[in-house]
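Okay, start_6.txt is below, compact mmCIF, N, CA and C atoms:
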# COMPACT_ATOMS: atom_id res chain seq x y z
N MET H 1 149.52 -25.43 243.35
CA MET H 1 149.28 -26.17 242.14
C MET H 1 150.46 -26.03 241.19
N PHE H 2 150.93 -24.81 241.00
CA PHE H 2 152.05 -24.61 240.09
C PHE H 2 153.34 -25.03 240.77
N GLY H 3 154.20 -25.72 240.03
CA GLY H 3 155.47 -26.16 240.58
C GLY H 3 155.40 -27.47 241.32
N GLU H 4 154.21 -27.99 241.57
CA GLU H 4 154.07 -29.27 242.26
C GLU H 4 154.12 -30.42 241.26
N ASP H 5 154.64 -31.56 241.70
CA ASP H 5 154.61 -32.75 240.86
C ASP H 5 153.19 -33.29 240.84
N PRO H 6 152.78 -33.86 239.71
CA PRO H 6 151.44 -34.46 239.65
C PRO H 6 151.37 -35.67 240.59
N LYS H 7 150.16 -36.02 241.03
CA LYS H 7 149.97 -37.13 241.96
C LYS H 7 148.98 -38.12 241.39
N CYS H 8 149.13 -39.39 241.79
CA CYS H 8 148.19 -40.44 241.41
C CYS H 8 146.84 -40.13 242.04
N VAL H 9 145.77 -40.23 241.25
CA VAL H 9 144.44 -39.93 241.78
C VAL H 9 143.93 -41.04 242.70
N ARG H 10 144.53 -42.21 242.66
CA ARG H 10 144.09 -43.32 243.50
C ARG H 10 144.82 -43.36 244.84
N CYS H 11 146.16 -43.33 244.82
CA CYS H 11 146.92 -43.50 246.06
C CYS H 11 147.59 -42.21 246.55
N GLY H 12 147.65 -41.18 245.72
CA GLY H 12 148.25 -39.91 246.12
C GLY H 12 149.75 -39.84 245.98
N LYS H 13 150.38 -40.88 245.44
CA LYS H 13 151.83 -40.92 245.26
C LYS H 13 152.25 -39.88 244.22
N GLU H 14 153.36 -39.18 244.49
CA GLU H 14 153.87 -38.20 243.53
C GLU H 14 154.42 -38.91 242.31
N ILE H 15 154.10 -38.39 241.14
CA ILE H 15 154.60 -38.93 239.89
C ILE H 15 155.92 -38.24 239.58
N LYS H 16 156.97 -39.02 239.43
CA LYS H 16 158.30 -38.48 239.14
C LYS H 16 158.62 -38.63 237.66
N GLY H 17 159.67 -37.96 237.21
CA GLY H 17 160.10 -38.04 235.83
C GLY H 17 160.50 -39.46 235.45
N ASN H 18 160.21 -39.83 234.24
CA ASN H 18 160.57 -41.14 233.67
C ASN H 18 159.79 -42.30 234.27
N GLU H 19 158.70 -42.02 234.96
CA GLU H 19 157.87 -43.05 235.57
C GLU H 19 156.73 -43.41 234.61
N VAL H 20 156.35 -44.69 234.59
CA VAL H 20 155.25 -45.13 233.72
C VAL H 20 153.93 -44.78 234.40
N VAL H 21 153.04 -44.10 233.67
CA VAL H 21 151.73 -43.70 234.21
C VAL H 21 150.66 -43.89 233.15
N LEU H 22 149.43 -43.94 233.60
CA LEU H 22 148.27 -43.89 232.73
C LEU H 22 147.65 -42.52 232.93
N VAL H 23 147.33 -41.84 231.83
CA VAL H 23 146.73 -40.51 231.92
C VAL H 23 145.34 -40.59 231.32
N LYS H 24 144.34 -40.26 232.12
CA LYS H 24 142.96 -40.24 231.65
C LYS H 24 142.61 -38.80 231.32
N MET H 25 142.18 -38.58 230.06
CA MET H 25 141.84 -37.23 229.65
C MET H 25 140.98 -37.28 228.39
N ARG H 26 140.34 -36.18 228.10
CA ARG H 26 139.57 -36.07 226.87
C ARG H 26 140.51 -35.70 225.73
N TYR H 27 140.21 -36.25 224.55
CA TYR H 27 141.00 -35.91 223.37
C TYR H 27 140.71 -34.45 223.02
N PRO H 28 141.75 -33.65 222.78
CA PRO H 28 141.53 -32.21 222.52
C PRO H 28 140.83 -31.95 221.19
N LYS H 29 139.97 -30.94 221.17
CA LYS H 29 139.25 -30.55 219.96
C LYS H 29 140.16 -29.77 219.01
N ARG H 30 140.99 -28.96 219.57
CA ARG H 30 141.79 -28.04 218.76
C ARG H 30 143.10 -28.66 218.33
N LYS H 31 143.63 -28.13 217.24
CA LYS H 31 144.95 -28.50 216.76
C LYS H 31 145.93 -27.46 217.25
N GLY H 32 147.20 -27.83 217.28
CA GLY H 32 148.20 -26.85 217.62
C GLY H 32 149.31 -27.43 218.47
N MET H 33 150.30 -26.64 218.70
CA MET H 33 151.44 -27.03 219.50
C MET H 33 151.23 -26.55 220.94
N THR H 34 151.69 -27.35 221.87
CA THR H 34 151.60 -26.96 223.28
C THR H 34 152.70 -27.67 224.05
N GLU H 35 152.97 -27.21 225.25
CA GLU H 35 153.93 -27.89 226.11
C GLU H 35 153.22 -29.10 226.71
N ILE H 36 153.68 -30.28 226.35
CA ILE H 36 153.00 -31.53 226.70
C ILE H 36 152.86 -31.70 228.21
N LYS H 37 153.93 -31.53 228.97
CA LYS H 37 153.86 -31.75 230.41
C LYS H 37 152.85 -30.83 231.08
N ALA H 38 152.84 -29.57 230.68
CA ALA H 38 151.89 -28.61 231.25
C ALA H 38 150.47 -28.97 230.86
N TYR H 39 150.26 -29.37 229.61
CA TYR H 39 148.93 -29.75 229.15
C TYR H 39 148.41 -30.96 229.91
N LEU H 40 149.25 -31.97 230.09
CA LEU H 40 148.83 -33.16 230.82
C LEU H 40 148.52 -32.84 232.28
N LYS H 41 149.32 -32.01 232.91
CA LYS H 41 149.06 -31.62 234.30
C LYS H 41 147.72 -30.91 234.44
N ASN H 42 147.40 -30.04 233.47
CA ASN H 42 146.17 -29.25 233.54
C ASN H 42 144.93 -30.03 233.13
N GLU H 43 145.06 -30.92 232.16
CA GLU H 43 143.89 -31.58 231.57
C GLU H 43 143.74 -33.05 231.94
N GLY H 44 144.76 -33.67 232.49
CA GLY H 44 144.71 -35.11 232.72
C GLY H 44 144.64 -35.50 234.18
N SER H 45 144.25 -36.76 234.40
CA SER H 45 144.29 -37.39 235.72
C SER H 45 145.28 -38.54 235.63
N PHE H 46 146.27 -38.54 236.52
CA PHE H 46 147.33 -39.53 236.47
C PHE H 46 147.00 -40.72 237.36
N ILE H 47 147.31 -41.92 236.88
CA ILE H 47 147.20 -43.14 237.66
C ILE H 47 148.56 -43.83 237.58
N CYS H 48 149.18 -44.10 238.72
CA CYS H 48 150.50 -44.72 238.71
C CYS H 48 150.40 -46.18 238.25
N GLU H 49 151.53 -46.74 237.86
CA GLU H 49 151.57 -48.09 237.31
C GLU H 49 151.10 -49.14 238.32
N VAL H 50 151.43 -48.95 239.59
CA VAL H 50 151.03 -49.91 240.62
C VAL H 50 149.50 -49.95 240.75
N CYS H 51 148.87 -48.79 240.83
CA CYS H 51 147.41 -48.74 240.95
C CYS H 51 146.74 -49.26 239.69
N PHE H 52 147.32 -48.97 238.53
CA PHE H 52 146.76 -49.46 237.28
C PHE H 52 146.84 -50.98 237.22
N ASP H 53 147.98 -51.55 237.65
CA ASP H 53 148.14 -53.00 237.65
C ASP H 53 147.17 -53.66 238.63
N LYS H 54 146.96 -53.04 239.79
CA LYS H 54 145.99 -53.58 240.76
C LYS H 54 144.59 -53.60 240.16
N GLU H 55 144.20 -52.52 239.52
CA GLU H 55 142.88 -52.43 238.90
C GLU H 55 142.75 -53.44 237.78
N ASP H 56 143.80 -53.60 236.99
CA ASP H 56 143.79 -54.54 235.87
C ASP H 56 143.64 -55.97 236.37
N ASN H 57 144.30 -56.32 237.47
CA ASN H 57 144.21 -57.68 238.03
C ASN H 57 142.83 -57.95 238.64
N ILE H 58 142.22 -56.94 239.21
CA ILE H 58 140.91 -57.11 239.83
C ILE H 58 139.85 -57.38 238.76
N SER H 59 139.94 -56.68 237.63
CA SER H 59 138.90 -56.78 236.63
C SER H 59 139.02 -58.04 235.75
N LEU H 60 140.16 -58.71 235.79
CA LEU H 60 140.34 -59.91 234.98
C LEU H 60 139.78 -61.13 235.71
N PRO H 61 139.02 -61.98 235.02
CA PRO H 61 138.55 -63.21 235.65
C PRO H 61 139.69 -64.20 235.81
N ASN H 62 139.65 -65.00 236.87
CA ASN H 62 140.72 -65.99 237.13
C ASN H 62 140.50 -67.26 236.39

What is this file in structure tokens?
Amino acid sequence: MFGEDPKCVRCGKEIKGNEVVLVKMRYPKRKGMTEIKAYLKNEGSFICEVCFDKEDNISLPN
């Protein structure tokens, strides 16, 4: 788990730096400073842009 790149929860593709992603997570209750990348890896679920676009196209009526 530690040291691994995050993966898309839909297709399993590794998320690389500077890539556009959607992160699904709960808004934190507490205030404070934290390391953003570590927090997102621990608390969020990543969806890559391709999977998000596929889902977005499916849900839109033609």

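The space separating CA of Gly3 in chain H from atom C of Lys54 in chain H comes to 29.5 Å.
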
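Rounded to one decimal, atom C of Lys31 in chain H and atom C of Gly44 in chain H lie 18.8 Å from each other.
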
Write out as a PyMOL selection string all residues of chain H that DSSP puts in strand (DSSP E or B) for this structure's backbone.
chain H and resi 7-8+14+21-24+45-48

Could you name the residues that touch Cys8 in chain H at 8 Å or less, counting all atoms listed in the file, but leaving out those on the same chain fewer than 5 positions away, as a ChimeraX atom specification?
/H:13-15,45-49

I need the residues in chain H that are alpha helix (DSSP H) according to DSSP; give them as a ChimeraX atom specification.
/H:36-43,49-59

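For the atom pair formed by atom N of Arg26 in chain H and CA of Lys41 in chain H, the distance is 11.6 Å, given to one decimal.
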